[in-house]
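Q: Next comes final.cif, mmCIF, C-alpha atoms and all ligand atoms:
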data_work
loop_
_atom_site.label_atom_id
_atom_site.label_comp_id
_atom_site.auth_asym_id
_atom_site.auth_seq_id
_atom_site.Cartn_x
_atom_site.Cartn_y
_atom_site.Cartn_z
CA MET A 30 8.89 -104.67 124.95
CA ALA A 31 7.15 -105.53 121.66
CA ALA A 32 7.26 -109.19 120.67
CA LEU A 33 10.37 -110.25 118.79
CA ARG A 34 9.70 -110.94 115.11
CA VAL A 35 11.34 -113.96 113.48
CA LEU A 36 11.38 -114.52 109.73
CA VAL A 37 11.36 -118.28 109.09
CA ILE A 38 12.75 -119.11 105.64
CA PRO A 39 12.17 -122.67 104.40
CA GLY A 40 14.66 -123.60 101.68
CA SER A 41 12.08 -125.86 100.02
CA ALA A 42 8.62 -124.94 98.76
CA ARG A 43 7.82 -128.52 97.73
CA ALA A 44 4.38 -129.86 98.67
CA GLY A 45 5.09 -132.24 101.55
CA SER A 46 8.52 -130.71 102.21
CA TYR A 47 10.12 -131.97 105.42
CA ASN A 48 11.88 -128.65 105.83
CA LEU A 49 8.57 -126.81 105.56
CA LYS A 50 7.22 -129.15 108.25
CA LEU A 51 10.22 -128.37 110.41
CA ALA A 52 9.78 -124.64 109.72
CA ASN A 53 6.15 -124.86 110.86
CA ALA A 54 7.13 -126.86 113.97
CA ALA A 55 9.73 -124.19 114.77
CA ALA A 56 7.23 -121.37 114.18
CA ALA A 57 4.86 -123.00 116.68
CA VAL A 58 7.64 -123.10 119.29
CA LEU A 59 8.58 -119.48 118.60
CA ARG A 60 4.94 -118.43 119.15
CA GLU A 61 4.81 -120.44 122.39
CA GLN A 62 7.86 -118.44 123.45
CA GLY A 63 5.99 -115.18 122.85
CA ALA A 64 7.61 -114.26 119.53
CA GLU A 65 5.93 -113.49 116.22
CA ALA A 66 6.93 -115.92 113.47
CA THR A 67 6.40 -115.31 109.75
CA VAL A 68 6.97 -118.35 107.53
CA THR A 69 7.97 -117.02 104.13
CA ASP A 70 7.61 -118.71 100.72
CA LEU A 71 10.63 -118.38 98.46
CA ARG A 72 8.79 -119.86 95.50
CA ALA A 73 6.22 -117.04 95.69
CA LEU A 74 9.04 -114.53 95.08
CA ALA A 75 9.23 -115.94 91.52
CA LEU A 76 12.93 -115.17 91.16
CA PRO A 77 14.67 -116.25 87.94
CA ILE A 78 18.15 -117.76 88.22
CA TYR A 79 20.53 -114.85 88.78
CA ASP A 80 21.72 -113.44 85.47
CA GLY A 81 23.82 -110.30 85.16
CA ASP A 82 22.36 -109.43 81.76
CA LEU A 83 18.84 -109.67 83.18
CA GLU A 84 19.85 -107.41 86.05
CA ALA A 85 21.44 -104.90 83.65
CA GLY A 86 18.35 -104.98 81.44
CA THR A 87 15.43 -104.93 83.85
CA GLY A 88 16.99 -104.49 87.28
CA VAL A 89 16.63 -106.55 90.43
CA PRO A 90 13.26 -108.38 90.42
CA GLU A 91 10.47 -107.26 92.74
CA GLY A 92 10.67 -110.60 94.60
CA ALA A 93 14.18 -109.80 95.84
CA LYS A 94 13.01 -106.40 97.06
CA THR A 95 10.15 -108.13 98.90
CA LEU A 96 12.60 -110.51 100.57
CA VAL A 97 14.90 -107.68 101.69
CA ARG A 98 11.90 -105.74 103.04
CA GLU A 99 10.81 -108.85 104.97
CA LEU A 100 14.33 -109.32 106.36
CA ALA A 101 14.45 -105.68 107.44
CA ALA A 102 11.11 -105.99 109.22
CA HIS A 103 12.22 -108.89 111.44
CA ASP A 104 14.54 -109.05 114.44
CA ALA A 105 15.88 -112.53 113.70
CA VAL A 106 15.98 -115.13 110.95
CA LEU A 107 15.55 -118.90 111.02
CA VAL A 108 16.66 -120.73 107.87
CA VAL A 109 15.29 -124.28 107.54
CA SER A 110 16.82 -125.84 104.50
CA PRO A 111 17.31 -129.13 102.65
CA GLU A 112 20.69 -130.40 101.51
CA TYR A 113 21.27 -130.95 97.79
CA ASN A 114 24.52 -132.75 97.01
CA ALA A 115 25.98 -131.69 100.35
CA PHE A 116 25.15 -128.05 99.62
CA PRO A 117 22.26 -125.65 100.25
CA PRO A 118 19.65 -125.74 97.44
CA PRO A 119 19.45 -123.24 94.56
CA LEU A 120 16.03 -121.90 95.67
CA LEU A 121 17.68 -120.50 98.79
CA MET A 122 21.08 -119.51 97.38
CA ASN A 123 19.54 -117.78 94.37
CA ALA A 124 17.16 -115.74 96.55
CA ILE A 125 20.08 -114.56 98.71
CA ASP A 126 22.20 -113.84 95.62
CA TRP A 127 19.46 -111.58 94.21
CA ALA A 128 18.90 -109.93 97.59
CA SER A 129 22.62 -109.19 97.83
CA ARG A 130 22.40 -107.05 94.67
CA LEU A 131 20.34 -104.47 96.59
CA PRO A 132 22.45 -102.03 98.62
CA GLU A 133 19.85 -102.09 101.40
CA HIS A 134 20.50 -105.79 102.02
CA LYS A 135 23.43 -104.82 104.28
CA ALA A 136 21.17 -103.00 106.71
CA ALA A 137 18.49 -105.70 106.46
CA MET A 138 20.82 -108.67 107.00
CA GLY A 139 24.07 -107.44 108.54
CA GLY A 140 24.43 -108.51 112.16
CA LYS A 141 20.97 -110.11 112.15
CA PRO A 142 20.79 -113.08 114.52
CA THR A 143 20.22 -116.18 112.43
CA ALA A 144 19.82 -119.85 113.30
CA LEU A 145 19.99 -122.83 110.96
CA LEU A 146 17.94 -126.02 110.84
CA SER A 147 17.82 -128.76 108.27
CA ALA A 148 15.85 -131.93 107.66
CA SER A 149 16.52 -134.84 105.35
CA PRO A 150 15.21 -138.35 104.84
CA GLY A 151 18.86 -139.40 105.02
CA ALA A 152 21.01 -140.30 108.00
CA LEU A 153 22.86 -136.99 108.39
CA GLY A 154 19.83 -134.69 108.32
CA GLY A 155 21.54 -132.21 105.97
CA LEU A 156 24.46 -131.57 108.32
CA ARG A 157 27.02 -131.08 105.54
CA SER A 158 25.04 -128.31 103.87
CA LEU A 159 24.86 -126.28 107.07
CA LEU A 160 28.64 -125.81 106.98
CA SER A 161 28.54 -123.96 103.67
CA LEU A 162 25.22 -122.26 104.46
CA ARG A 163 26.77 -120.85 107.63
CA GLN A 164 29.72 -119.50 105.65
CA PHE A 165 27.52 -118.16 102.84
CA LEU A 166 25.21 -116.21 105.16
CA ALA A 167 27.94 -114.90 107.44
CA LEU A 168 30.58 -113.78 104.97
CA ASN A 169 28.85 -111.35 102.63
CA PRO A 170 25.47 -110.46 104.05
CA GLY A 171 27.22 -110.55 107.43
CA MET A 172 24.45 -112.34 109.26
CA LEU A 173 25.19 -113.30 112.84
CA VAL A 174 24.85 -117.07 112.49
CA LEU A 175 24.48 -118.73 115.89
CA PRO A 176 26.56 -121.79 116.76
CA GLN A 177 23.38 -123.59 117.85
CA GLN A 178 21.74 -125.61 115.07
CA LEU A 179 19.64 -128.74 114.62
CA THR A 180 19.57 -131.37 111.93
CA VAL A 181 16.65 -133.78 111.66
CA ALA A 182 17.63 -137.10 110.09
CA ARG A 183 15.15 -139.73 108.85
CA ALA A 184 12.69 -136.88 108.44
CA ALA A 185 9.95 -139.08 106.98
CA GLU A 186 9.50 -140.62 110.44
CA ALA A 187 10.40 -137.58 112.54
CA PHE A 188 7.09 -135.71 112.88
CA GLY A 189 4.07 -136.55 115.01
CA ALA A 190 0.44 -135.99 114.03
CA ASP A 191 0.48 -132.61 115.81
CA GLY A 192 3.31 -131.40 113.56
CA ALA A 193 5.91 -131.30 116.33
CA LEU A 194 8.98 -133.55 116.35
CA ALA A 195 7.91 -136.95 117.63
CA ASP A 196 11.06 -137.53 119.73
CA PRO A 197 10.74 -135.38 122.88
CA LYS A 198 14.55 -135.04 123.07
CA GLN A 199 14.63 -133.70 119.52
CA GLN A 200 11.73 -131.32 120.20
CA ALA A 201 13.65 -130.06 123.26
CA ALA A 202 16.75 -129.58 121.10
CA LEU A 203 14.65 -127.54 118.66
CA GLN A 204 13.36 -125.42 121.51
CA ALA A 205 16.93 -124.85 122.77
CA VAL A 206 18.06 -123.51 119.38
CA LEU A 207 15.05 -121.19 119.20
CA VAL A 208 15.45 -119.92 122.75
CA ALA A 209 19.11 -119.11 121.97
CA LEU A 210 17.97 -117.22 118.86
CA LEU A 211 15.37 -115.21 120.80
CA GLN A 212 17.81 -114.46 123.62
CA THR A 213 20.38 -113.15 121.14
CA ALA A 214 17.77 -111.02 119.34
CA LYS A 215 16.53 -109.67 122.67
CA ALA A 216 20.04 -108.73 123.82
CA LEU A 217 20.78 -107.02 120.50
CA ARG A 218 17.52 -105.11 120.59
CA ALA A 219 18.23 -103.98 124.17
CA SER A 220 21.69 -102.73 123.16
CA SER A 221 20.57 -100.91 120.01
CA PRO A 222 20.41 -97.09 120.25
CA SER A 223 16.80 -97.04 118.96
CA SER A 224 15.44 -99.42 121.64
C1 LIG A 301 19.28 -132.72 93.64
C2 LIG A 301 19.12 -133.38 94.98
C3 LIG A 301 20.25 -133.63 95.74
C4 LIG A 301 20.12 -134.18 97.02
N1 LIG A 301 21.23 -134.35 97.80
C5 LIG A 301 21.07 -134.74 99.09
C6 LIG A 301 22.20 -134.73 99.97
O1 LIG A 301 23.31 -134.38 99.63
N2 LIG A 301 21.96 -135.09 101.28
C7 LIG A 301 20.72 -135.45 101.74
O2 LIG A 301 20.59 -135.76 102.92
N3 LIG A 301 19.65 -135.48 100.91
C8 LIG A 301 19.80 -135.11 99.60
N4 LIG A 301 18.72 -135.10 98.77
C9 LIG A 301 17.43 -135.59 99.25
C10 LIG A 301 16.67 -134.47 99.97
O3 LIG A 301 17.10 -134.42 101.33
C11 LIG A 301 15.17 -134.79 99.93
O4 LIG A 301 14.71 -134.71 98.59
C12 LIG A 301 14.37 -133.87 100.83
O5 LIG A 301 13.06 -134.37 100.95
C13 LIG A 301 14.38 -132.45 100.31
O6 LIG A 301 13.87 -131.57 101.29
P1 LIG A 301 12.31 -131.21 101.37
O7 LIG A 301 11.58 -132.44 101.84
O8 LIG A 301 12.22 -130.13 102.40
O9 LIG A 301 11.84 -130.75 100.03
C14 LIG A 301 18.83 -134.55 97.49
C15 LIG A 301 17.70 -134.30 96.71
C16 LIG A 301 17.85 -133.71 95.47
C17 LIG A 301 16.61 -133.41 94.65
#
Can you present the structure in this file as structure tokens?
Ligand SMILES: Cc1cc2nc3c(=O)[nH]c(=O)nc-3n(C[C@H](O)[C@H](O)[C@H](O)COP(=O)(O)O)c2cc1C

A:
Amino acid sequence: MAALRVLVIPGSARAGSYNLKLANAAAAVLREQGAEATVTDLRALALPIYDGDLEAGTGVPEGAKTLVRELAAHDAVLVVSPEYNAFPPPLLMNAIDWASRLPEHKAAMGGKPTALLSASPGALGGLRSLLSLRQFLALNPGMLVLPQQLTVARAAEAFGADGALADPKQQAALQAVLVALLQTAKALRASSPSS
């Protein structure tokens, strides 16, 4: 069986982003598990804030088409996102909003196994935002959002020099989420008619 491909989507493109660090730590675990991991860059998609007049005038931007193509080319998705005011950030929501304007997003995202992680310098690690992010991704794009998730609180102190989570228990919890994601993707691939 070909290696499972996981698209890792950090919800922050900030230099020094804790969520990007967590995304890279997760990608390393996914590769150790034999999967391919692509860490995407939402900022590079250069998407304007969604605007219906813009869409009517010039269509859906190329960056949204790129994102949908990337989603289609992967077996599973890992979203690693900050919390802004108890909610997922606009960089992430806006990219999904644009993607959802393309009819092919249903095939690219519907039923796709998806796991959620978040990191924050605060005490809750972004936990509140994962509630609405779970709803957002599951309801329209119809992503199969796993119950397993991980939040990394006090993120400024959470990473070791090697980029992994410094607390072995937390690193094991990260691995457990990712193994569940790969197992789900593997089972779905095995049950698909084209496999
Ligand atoms: C507009 C805004 C709202 C924020 N709201 C929250 C919040 O509700 N909960 C939280 O834990 N951190 C909040 N933060 C702090 C972020 O967790 C922090 O900036 C974090 O470093 C962002 O993620 P990043 O490091 O991946 O860029 C907020 C930050 C900004 C800029």

Q: Work out how far CA of Pro170 in chain A is from CA of Thr143 in chain A, in Å to one decimal.

A: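 About the pair CA of Thr143 in chain A and CA of Pro170 in chain A: they are 11.4 Å apart.
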
Q: Check the smallest atom-to-atom distance from each of A:His134, A:Lys215, A:Arg183, A:Lys94 to ligand LIG 301 (chain A) using all atoms listed in the file, then report the winner.

A: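 For ligand LIG 301 (chain A), the nearest of the candidates is A:Arg183.
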
Q: What's around range 193-198 of chain A at 8 Å? Count all atoms listed in the file, leave out sequence neighbours fewer than 6 positions away in its own chain, and write the answer as a ChimeraX atom specification.

A: /A:51,54,187

Q: Please identify all polymer residues lying at most 12 Å from the point (12.3, -113.5, 98.5) (file coordinates), using all atoms listed in the file, and present the result as an mmCIF file with C-alpha atoms, in the frame of the given file.

A:
data_model
loop_
_atom_site.group_PDB
_atom_site.id
_atom_site.type_symbol
_atom_site.label_atom_id
_atom_site.label_comp_id
_atom_site.auth_asym_id
_atom_site.auth_seq_id
_atom_site.Cartn_x
_atom_site.Cartn_y
_atom_site.Cartn_z
ATOM 1 C CA LEU A 36 11.380 -114.520 109.730
ATOM 2 C CA VAL A 37 11.360 -118.280 109.090
ATOM 3 C CA ILE A 38 12.750 -119.110 105.640
ATOM 4 C CA PRO A 39 12.170 -122.670 104.400
ATOM 5 C CA GLY A 40 14.660 -123.600 101.680
ATOM 6 C CA VAL A 68 6.970 -118.350 107.530
ATOM 7 C CA THR A 69 7.970 -117.020 104.130
ATOM 8 C CA ASP A 70 7.610 -118.710 100.720
ATOM 9 C CA LEU A 71 10.630 -118.380 98.460
ATOM 10 C CA ARG A 72 8.790 -119.860 95.500
ATOM 11 C CA ALA A 73 6.220 -117.040 95.690
ATOM 12 C CA LEU A 74 9.040 -114.530 95.080
ATOM 13 C CA ALA A 75 9.230 -115.940 91.520
ATOM 14 C CA LEU A 76 12.930 -115.170 91.160
ATOM 15 C CA PRO A 77 14.670 -116.250 87.940
ATOM 16 C CA VAL A 89 16.630 -106.550 90.430
ATOM 17 C CA PRO A 90 13.260 -108.380 90.420
ATOM 18 C CA GLU A 91 10.470 -107.260 92.740
ATOM 19 C CA GLY A 92 10.670 -110.600 94.600
ATOM 20 C CA ALA A 93 14.180 -109.800 95.840
ATOM 21 C CA LYS A 94 13.010 -106.400 97.060
ATOM 22 C CA THR A 95 10.150 -108.130 98.900
ATOM 23 C CA LEU A 96 12.600 -110.510 100.570
ATOM 24 C CA VAL A 97 14.900 -107.680 101.690
ATOM 25 C CA ARG A 98 11.900 -105.740 103.040
ATOM 26 C CA GLU A 99 10.810 -108.850 104.970
ATOM 27 C CA LEU A 100 14.330 -109.320 106.360
ATOM 28 C CA LEU A 120 16.030 -121.900 95.670
ATOM 29 C CA LEU A 121 17.680 -120.500 98.790
ATOM 30 C CA MET A 122 21.080 -119.510 97.380
ATOM 31 C CA ASN A 123 19.540 -117.780 94.370
ATOM 32 C CA ALA A 124 17.160 -115.740 96.550
ATOM 33 C CA ILE A 125 20.080 -114.560 98.710
ATOM 34 C CA ASP A 126 22.200 -113.840 95.620
ATOM 35 C CA TRP A 127 19.460 -111.580 94.210
ATOM 36 C CA ALA A 128 18.900 -109.930 97.590
ATOM 37 C CA SER A 129 22.620 -109.190 97.830
ATOM 38 C CA HIS A 134 20.500 -105.790 102.020
#

Q: Write out as a VMD selection string each polymer residue (protein, DNA or RNA) that has an atom no more than 6 Å from ligand LIG 301 (chain A), with all atoms listed in the file counted.

A: chain A and resid 41 43 46 to 49 111 to 115 149 to 151 154 to 155

Q: When you draw a straight line from CA of Ala144 in chain A to CA of Ala209 in chain A, how long is it in Å?

A: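 Computing it gives 8.7 Å between the two atoms.
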
Q: As an exercise, work out the distance from CA of Gln62 in chain A to CA of Ala42 in chain A in Å and give it to one decimal place.

A: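 Between CA of Gln62 in chain A and CA of Ala42 in chain A the gap works out to 25.5 Å.
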
Q: For Thr67 in chain A, list every protein, DNA or RNA residue within 12 Å, evaluated using all atoms listed in the file, and leave out those in the same chain fewer than 6 positions away; present the list as number ranges by chain.

A: A: 33-39, 52-53, 55-57, 59-60, 99-100, 102-108

Q: Find the smallest box with edges along x, y and z containing every listed atom of range 36-46 of chain A, then add 3 Å on each side and report centre and edge lengths in Å to one decimal, as AutoDock Vina command-line options.

A:
--center_x 9.5 --center_y -123.4 --center_z 103.7 --size_x 16.3 --size_y 23.7 --size_z 18.0

Q: Restricting the calculation to only C-alpha atoms, which member of A:Ala44, A:Leu131, A:Met138, A:Ala31 is positioned closest to Leu173 in chain A?

A: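 The shortest atom-to-atom distance to Leu173 in chain A comes from A:Met138.
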
Q: For Gly171 in chain A, which residue among A:Gln200, A:Ala205, A:Gly139, A:Leu153 is the nearest when counting only C-alpha atoms?

A: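 That would be A:Gly139, the residue with the smallest distance to Gly171 in chain A.
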
Q: With distances taken over all atoms listed in the file, which of A:Gly140, A:Ala32, A:Gly189, A:Ala216 is nearest to Glu65 in chain A?

A: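 That would be A:Ala32, the residue with the smallest distance to Glu65 in chain A.
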
Q: Could you tell me which of A:Phe165, A:Leu83, A:Gln178, A:Leu211 comes closest to Gln199 in chain A if we count only C-alpha atoms?

A: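 Closest candidate: A:Gln178.
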
Q: Hey, what's within 9 Å of Val206 in chain A if we count only C-alpha atoms and toss same-chain stuff fewer than 2 positions away? As a ChimeraX atom specification, please?

A: /A:144-146,175,177-179,201-204,208-211

Q: Which residue out of A:Ala66, A:Val109, A:Ala214, A:Ala219 has the minimum interatomic distance to Val181 in chain A when only C-alpha atoms are used?

A: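 Checking each of A:Ala66, A:Val109, A:Ala214, A:Ala219 against Val181 in chain A, counting only C-alpha atoms, the winner is A:Val109.
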